[in-house]
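What follows is my_file27.txt (compact mmCIF, C-alpha atoms and all ligand atoms).
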```
# COMPACT_ATOMS: atom_id res chain seq x y z
CA MET A 1 145.07 -0.07 46.11
CA LEU A 2 144.78 3.57 47.04
CA GLU A 3 143.56 5.86 44.38
CA LYS A 4 144.73 9.39 44.80
CA TYR A 5 142.46 12.18 43.87
CA LEU A 6 143.17 15.81 43.32
CA ALA A 7 140.86 18.79 43.36
CA GLY A 8 139.60 19.48 39.85
CA GLU A 9 139.55 15.84 38.83
CA ASN A 10 136.47 13.95 37.84
CA VAL A 11 134.84 11.47 40.10
CA VAL A 12 131.52 9.67 40.13
CA SER A 13 129.49 10.70 43.13
CA TYR A 14 125.90 10.45 44.14
CA CYS A 15 124.26 13.81 43.52
CA THR A 16 121.89 14.84 46.29
CA LYS A 17 119.96 17.09 43.93
CA CYS A 18 119.76 14.94 40.80
CA LYS A 19 119.40 11.81 42.95
CA LEU A 20 121.65 9.93 40.60
CA ASN A 21 125.23 8.78 40.38
CA LEU A 22 126.81 11.34 38.09
CA ASP A 23 130.10 12.82 37.03
CA HIS A 24 131.34 15.40 39.47
CA ALA A 25 134.41 17.57 39.71
CA ILE A 26 136.32 17.44 42.98
CA VAL A 27 136.18 20.80 44.73
CA ALA A 28 137.90 20.08 48.00
CA MET A 29 139.94 17.29 49.52
CA GLU A 30 140.22 16.31 53.14
CA GLY A 31 143.51 14.47 53.39
CA GLU A 32 143.12 11.43 51.14
CA ALA A 33 139.36 11.65 51.10
CA ILE A 34 137.19 13.66 48.79
CA ALA A 35 135.31 16.26 50.80
CA LYS A 36 133.31 18.27 48.30
CA VAL A 37 132.28 17.80 44.73
CA LYS A 38 130.49 19.83 42.11
CA CYS A 39 127.84 18.19 40.01
CA LYS A 40 128.37 18.59 36.28
CA THR A 41 124.70 18.21 35.61
CA CYS A 42 123.09 20.63 38.06
CA ASN A 43 126.26 22.55 39.04
CA GLY A 44 125.43 22.06 42.69
CA THR A 45 128.24 21.70 45.19
CA HIS A 46 127.80 19.14 47.93
CA LYS A 47 129.63 16.57 49.98
CA PHE A 48 131.12 13.66 48.14
CA ARG A 49 128.99 10.58 48.37
CA ASN A 50 130.49 7.32 47.38
CA PRO A 51 127.97 5.74 44.99
CA SER A 52 128.45 2.28 46.45
CA ALA A 53 128.19 3.52 50.03
CA VAL A 54 125.00 5.39 49.22
CA LYS A 55 123.37 2.18 48.07
CA LYS A 56 123.89 0.67 51.50
CA VAL A 57 122.58 3.72 53.29
CA ARG A 58 119.48 3.87 51.13
CA THR A 59 118.59 0.23 51.75
CA PRO A 60 119.77 -0.44 55.29
CA ARG A 61 117.58 -3.45 55.86
CA LYS A 62 117.45 -4.82 52.37
CA LYS A 63 120.23 -6.85 50.91
CA VAL A 64 122.70 -5.62 48.37
CA GLY A 65 124.66 -7.63 45.84
CA SER A 66 125.49 -11.16 46.89
CA GLN A 67 123.05 -10.98 49.77
CA ASP A 68 120.23 -10.85 47.25
CA THR A 69 121.10 -14.39 46.37
CA VAL A 70 120.81 -15.45 50.00
CA ALA A 71 117.36 -13.92 50.26
CA VAL A 72 116.27 -15.66 47.07
CA LEU A 73 117.68 -18.97 48.24
CA TRP A 74 116.03 -18.47 51.60
CA GLN A 75 112.67 -17.80 49.95
CA THR A 76 113.03 -20.95 47.88
CA CYS A 77 114.02 -23.06 50.87
CA ILE A 78 111.16 -21.77 52.99
CA SER A 79 108.60 -22.43 50.28
CA GLN A 80 109.96 -25.87 49.47
CA SER A 81 110.48 -26.95 53.05
CA LYS A 82 108.21 -29.69 54.25
CA GLY A 83 109.69 -29.64 57.73
CA LYS A 84 107.96 -28.52 60.86
CA GLU A 85 108.01 -24.95 62.05
CA LEU A 86 109.77 -24.92 65.37
CA ILE A 87 110.71 -22.25 67.82
CA TYR A 88 114.48 -22.23 67.92
CA ASN A 89 116.01 -23.49 71.12
CA MET A 90 119.67 -24.33 71.50
CA ALA A 91 118.74 -27.56 73.25
CA GLY A 92 116.46 -28.60 70.39
CA ARG A 93 117.05 -31.38 67.91
CA TYR A 94 116.45 -30.55 64.32
CA ARG A 95 116.43 -32.15 60.93
CA VAL A 96 117.43 -30.82 57.57
CA GLY A 97 114.47 -28.95 56.15
CA ASP A 98 112.98 -27.92 59.47
CA ILE A 99 111.97 -24.31 59.75
CA LEU A 100 113.23 -22.56 62.84
CA LEU A 101 111.70 -19.44 64.26
CA HIS A 102 114.34 -17.33 65.92
CA ASP A 103 113.34 -14.31 67.97
CA LYS A 104 116.14 -12.20 66.54
CA PHE A 105 116.93 -13.59 63.09
CA GLY A 106 113.41 -14.54 62.09
CA LYS A 107 112.64 -17.62 60.07
CA GLY A 108 115.41 -19.98 59.12
CA VAL A 109 115.72 -23.30 57.36
CA VAL A 110 118.02 -26.05 58.59
CA ARG A 111 120.42 -26.76 55.75
CA LYS A 112 123.01 -29.03 57.30
CA LEU A 113 123.63 -30.74 60.60
CA ALA A 114 126.89 -30.80 62.49
CA MET A 115 128.00 -31.94 65.93
CA ASN A 116 125.87 -29.98 68.39
CA LYS A 117 125.23 -27.41 65.74
CA CYS A 118 123.19 -26.88 62.66
CA HIS A 119 123.60 -24.63 59.69
CA VAL A 120 120.52 -22.49 59.46
CA LEU A 121 119.80 -20.26 56.52
CA PHE A 122 118.14 -17.04 57.56
CA GLU A 123 116.89 -14.37 55.24
CA ASP A 124 120.11 -12.38 55.47
CA LYS A 125 122.70 -15.14 55.82
CA GLU A 126 123.46 -18.63 56.95
CA ARG A 127 124.32 -19.02 60.60
CA LEU A 128 125.78 -21.83 62.62
CA MET A 129 123.34 -22.40 65.46
CA ALA A 130 123.82 -24.47 68.57
CA SER A 131 121.51 -27.45 68.85
CA ALA A 132 121.37 -30.84 70.51
CA ASN A 133 121.92 -32.87 67.35
ZN ZN A 201 123.35 17.20 40.31
```
Show the structure stored in the file as structure tokens.
Amino acid sequence: MLEKYLAGENVVSYCTKCKLNLDHAIVAMEGEAIAKVKCKTCNGTHKFRNPSAVKKVRTPRKKVGSQDTVAVLWQTCISQSKGKELIYNMAGRYRVGDILLHDKFGKGVVRKLAMNKCHVLFEDKERLMASAN
């Protein structure tokens, strides 16, 4: 679904001065994209900033939306896990509940085992990791 915008129309943009998502009027278009907007609160003109895109930029390493749930689940699993803490190795054998330490993804909890693989929940998401199971 492509929404078409025209200069002069209202759009919600992140205001760089007010530091809030506010109503703006479109000042200039660049093809189909909004190039410049004018803030109705401070009257400042600046580049259009998609409110949802801004969120991601402002929290590059923290999770947004559904990923919050993964982090919460991960926290819970780590704290409830009674498994051993092991350095992850693709030739290792693991059990459900083991905590794996991965040099890139950090701490993960084994959630499920599969043929030569295990599902490991890391803080940002679940990954299918090679193992010797
Ligand atoms: Zn403003």
Each residue of chain A with at least one atom at most 12 Å from ligand ZN 201 (chain A) should appear once, together with its nearest atom pair and the corresponding distance in Å (one decimal); atoms considered: all atoms listed in the file; ordering: chain, then increasing residue number; output as CSV.
```
residue,atom,partner,partner_atom,distance
A:Val12,CA,A:ZN201,ZN,11.1
A:Ser13,CA,A:ZN201,ZN,9.4
A:Tyr14,CA,A:ZN201,ZN,8.2
A:Cys15,CA,A:ZN201,ZN,4.8
A:Thr16,CA,A:ZN201,ZN,6.6
A:Lys17,CA,A:ZN201,ZN,5.0
A:Cys18,CA,A:ZN201,ZN,4.3
A:Lys19,CA,A:ZN201,ZN,7.2
A:Leu20,CA,A:ZN201,ZN,7.5
A:Asn21,CA,A:ZN201,ZN,8.6
A:Leu22,CA,A:ZN201,ZN,7.2
A:Asp23,CA,A:ZN201,ZN,8.7
A:His24,CA,A:ZN201,ZN,8.2
A:Ala25,CA,A:ZN201,ZN,11.1
A:Val37,CA,A:ZN201,ZN,10.0
A:Lys38,CA,A:ZN201,ZN,7.8
A:Cys39,CA,A:ZN201,ZN,4.6
A:Lys40,CA,A:ZN201,ZN,6.6
A:Thr41,CA,A:ZN201,ZN,5.0
A:Cys42,CA,A:ZN201,ZN,4.1
A:Asn43,CA,A:ZN201,ZN,6.2
A:Gly44,CA,A:ZN201,ZN,5.8
A:Thr45,CA,A:ZN201,ZN,8.2
A:His46,CA,A:ZN201,ZN,9.0
A:Lys47,CA,A:ZN201,ZN,11.5
A:Phe48,CA,A:ZN201,ZN,11.6
A:Arg49,CA,A:ZN201,ZN,11.9
```
So the first atom is atom CA of Ile78 of chain A and the second is atom CA of Cys118 of chain A; what is the distance between them in Å, to one decimal place? 16.3 Å
Kindly indicate which residue among A:Val72, A:Lys4, A:Asn10, A:Asp103 lies nearest to Ala33 of chain A, using all atoms listed in the file for the distances. A:Lys4
Set the distance at 8 Å and use only C-alpha atoms: which residues neighbour Tyr94 of chain A once local chain neighbours fewer than 4 positions away are removed? I'd like the list as a JSON list (two decimals) with C-alpha atoms, in the coordinates of the input.
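The resulting file, part27.json, is reproduced below:
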```json
[["chain", "number", "residue", "atom", "x", "y", "z"],
["A", 98, "ASP", "CA", 112.98, -27.92, 59.47],
["A", 110, "VAL", "CA", 118.02, -26.05, 58.59],
["A", 118, "CYS", "CA", 123.19, -26.88, 62.66],
["A", 131, "SER", "CA", 121.51, -27.45, 68.85],
["A", 132, "ALA", "CA", 121.37, -30.84, 70.51],
["A", 133, "ASN", "CA", 121.92, -32.87, 67.35]]
```
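Rounded to one decimal, atom CA of Ala53 of chain A and atom CA of Phe105 of chain A lie 24.3 Å from each other.
The interatomic distance for the pair atom CA of Lys117 of chain A and atom CA of Ser79 of chain A works out to 23.2 Å.
Every protein, DNA or RNA residue with an atom at most 12 Å from Met129 of chain A, where only C-alpha atoms count and chain neighbours fewer than 5 positions away do not, is listed here: Tyr88, Asn89, Met90, Ala91, Gly92, Arg93, Tyr94, Leu100, His102, Phe105, Gly108, Val109, Val110, Arg111, Lys112, Leu113, Ala114, Met115, Asn116, Lys117, Cys118, His119, Val120, Leu121 and Phe122 of chain A.
If you measure from each of A:Gly31, A:Gln80, A:Lys36, A:Val70 to Gly8 of chain A using all atoms listed in the file, the closest one turns out to be A:Lys36.
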